[in-house]
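Beneath this line is the structure, given in structure tokens, with notes to follow.
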Amino acid sequence: MLHRIKKVNDLNQDKWIGVGGGFEQDESPEECLLREVKEETGLTLTRWRYRAIITFVSDKWETEYMHLFTADQYTGDLIDCDEGVLEWVDKTSVLNLPIWEGDKLFFRLIAGDSPFFSMKLRYEGDKLVYAALNGAPLPPFTAQKEY
């Protein structure tokens with residue numbers, strides 16, 4: 001996990017997130033994964049799994065689409081990351097870290113070995129106001145109208 005404490009004006013300031021970043025020209029999600037992990041961690045992934053696509057909607061930033069992968073094999077050694085502090089975190093401790101509320105939803109799904117899924121998360125500021133899994137609103141968001 002990456003503890004985001006180094007960047008100025010960081011949307012993720014003080015939160016723990018996975019590593020990753022934006023696509024470069026003509027990259028596939030897998031190519032982007034391998035490049036971003038190498039750049040941010042120094043590690044070369046040798047086995048990974050494509051788990052989900054997450055749509056983040058906010059009243060404060062542009063919509064983002066995250067391709068979510070997990071990995072369990074790699075080569076190399078961790079390097080210093082200019083975006084935050086990298087730290088191995090036990091899977092059972094992740095939900096106790098300061099992470100986005102929506103992240104807790106998809107971390108639970110991947111911990112339960114859910115099949116590939118699509119999730120939509122809408123924020124107003126830092127508050128999660130809507131969540132849907134595979135197009136169906138999740139409780140307590142089932143009574144809210146999607147707009």
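Residues in the structure tokens are numbered from 1 in each chain, the chains being A, B, ... in the order shown, and ligands are numbered from 1 in the order shown.
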Select from range 4-122 of chain A everything DSSP, run on the backbone, classes as strand (DSSP E or B), then give the selection as number ranges by chain.
A: 16-17, 44-58, 64-75, 81, 84-86, 117-122
Members of range 5-140 of chain A assigned alpha helix (DSSP H) by DSSP, as a list in words:
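Matching residues, listed in order: Pro29, Glu30, Glu31, Cys32, Leu33, Leu34, Arg35, Glu36, Val37, Lys38, Glu39, Glu40, Thr41, Glu101, Gly102, Asp103, Lys104, Leu105, Phe106, Phe107, Arg108, Leu109, Ile110 and Ala111 of chain A.
Near Asn134 in chain A, within a cut-off of 9 Å and counting only C-alpha atoms, sit the residues Phe117, Ser118, Met119 and Lys120 of chain A, with same-chain residues fewer than 6 positions away left out.
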Selected residues, N, CA and C atoms, written as a PDB file, in the first residue's frame, please.
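Output (selection36.pdb):
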ATOM      1  N   PHE A 117     -15.829  -7.505 -11.534  1.00  0.00           N
ATOM      2  CA  PHE A 117     -16.998  -6.673 -11.288  1.00  0.00           C
ATOM      3  C   PHE A 117     -16.762  -5.245 -11.748  1.00  0.00           C
ATOM      4  N   SER A 118     -17.877  -4.528 -11.867  1.00  0.00           N
ATOM      5  CA  SER A 118     -17.869  -3.104 -12.164  1.00  0.00           C
ATOM      6  C   SER A 118     -18.509  -2.396 -10.981  1.00  0.00           C
ATOM      7  N   MET A 119     -17.879  -1.320 -10.508  1.00  0.00           N
ATOM      8  CA  MET A 119     -18.404  -0.571  -9.377  1.00  0.00           C
ATOM      9  C   MET A 119     -18.389   0.907  -9.716  1.00  0.00           C
ATOM     10  N   LYS A 120     -19.438   1.597  -9.302  1.00  0.00           N
ATOM     11  CA  LYS A 120     -19.500   3.045  -9.462  1.00  0.00           C
ATOM     12  C   LYS A 120     -19.568   3.669  -8.074  1.00  0.00           C
TER      13      LYS A 120
END
With only C-alpha atoms as the basis for distance, which of A:Val8, A:Asp113, A:Trp16, A:Ile79 is at the shortest distance from Val94 in chain A?
A:Trp16
Choose the residue, out of A:Thr44, A:Thr70, A:Asn9, A:Ser58, that has the smallest atom-to-atom separation from Leu128 in chain A; count only C-alpha atoms.
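Looking at the shortest contact to Leu128 in chain A, the residue is A:Ser58.
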Determine the nearest neighbour of Ala52 in chain A from the options A:Glu39, A:Leu78, A:His67, A:Phe141, counting only C-alpha atoms.
A:His67
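Distances from A:Glu124, A:Asp82, A:Glu101, A:Asp90 to Thr41 in chain A were compared using only C-alpha atoms, and the smallest one belongs to A:Asp82.
Of the listed residues (A:Lys6, A:Met66, A:Glu24, A:Glu83), A:Glu83 comes nearest to Glu40 in chain A; the distances count only C-alpha atoms.
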One residue among A:Gly84, A:Gly76, A:Gly125, A:Pro140 is nearest to Gly42 in chain A when using only C-alpha atoms, and that residue is A:Gly76
Neighbouring residues of Asp126 in chain A were defined as those with any atom within 10 Å, considering only C-alpha atoms; residues of the same chain fewer than 4 positions away were excluded. Please report them as a PDB file with C-alpha atoms, in the first residue's frame.
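Listed below is the output, out.pdb:
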ATOM      1  CA  LEU A  11      -6.403  14.627  -3.423  1.00  0.00           C
ATOM      2  CA  ASN A  12      -5.306  11.482  -1.540  1.00  0.00           C
ATOM      3  CA  SER A  58     -17.148  13.560  -7.818  1.00  0.00           C
ATOM      4  CA  ASP A  59     -18.423  17.086  -7.453  1.00  0.00           C
ATOM      5  CA  LYS A  60     -14.795  18.250  -7.095  1.00  0.00           C
ATOM      6  CA  TRP A 100     -11.583   6.114   1.025  1.00  0.00           C
ATOM      7  CA  GLU A 101     -15.004   4.730   2.045  1.00  0.00           C
ATOM      8  CA  ARG A 122     -19.897   8.940  -6.277  1.00  0.00           C
TER       9      ARG A 122
END
Pick out the residues sitting within 7 Å of Thr46 in chain A, and hand them over as a PyMOL selection string; count only C-alpha atoms, and ignore anything fewer than 2 positions along from it in its own chain.
chain A and resi 44+48+73-74
State, in Å with one decimal place, the distance from CA of Leu86 in chain A to CA of Leu105 in chain A.
22.1 Å
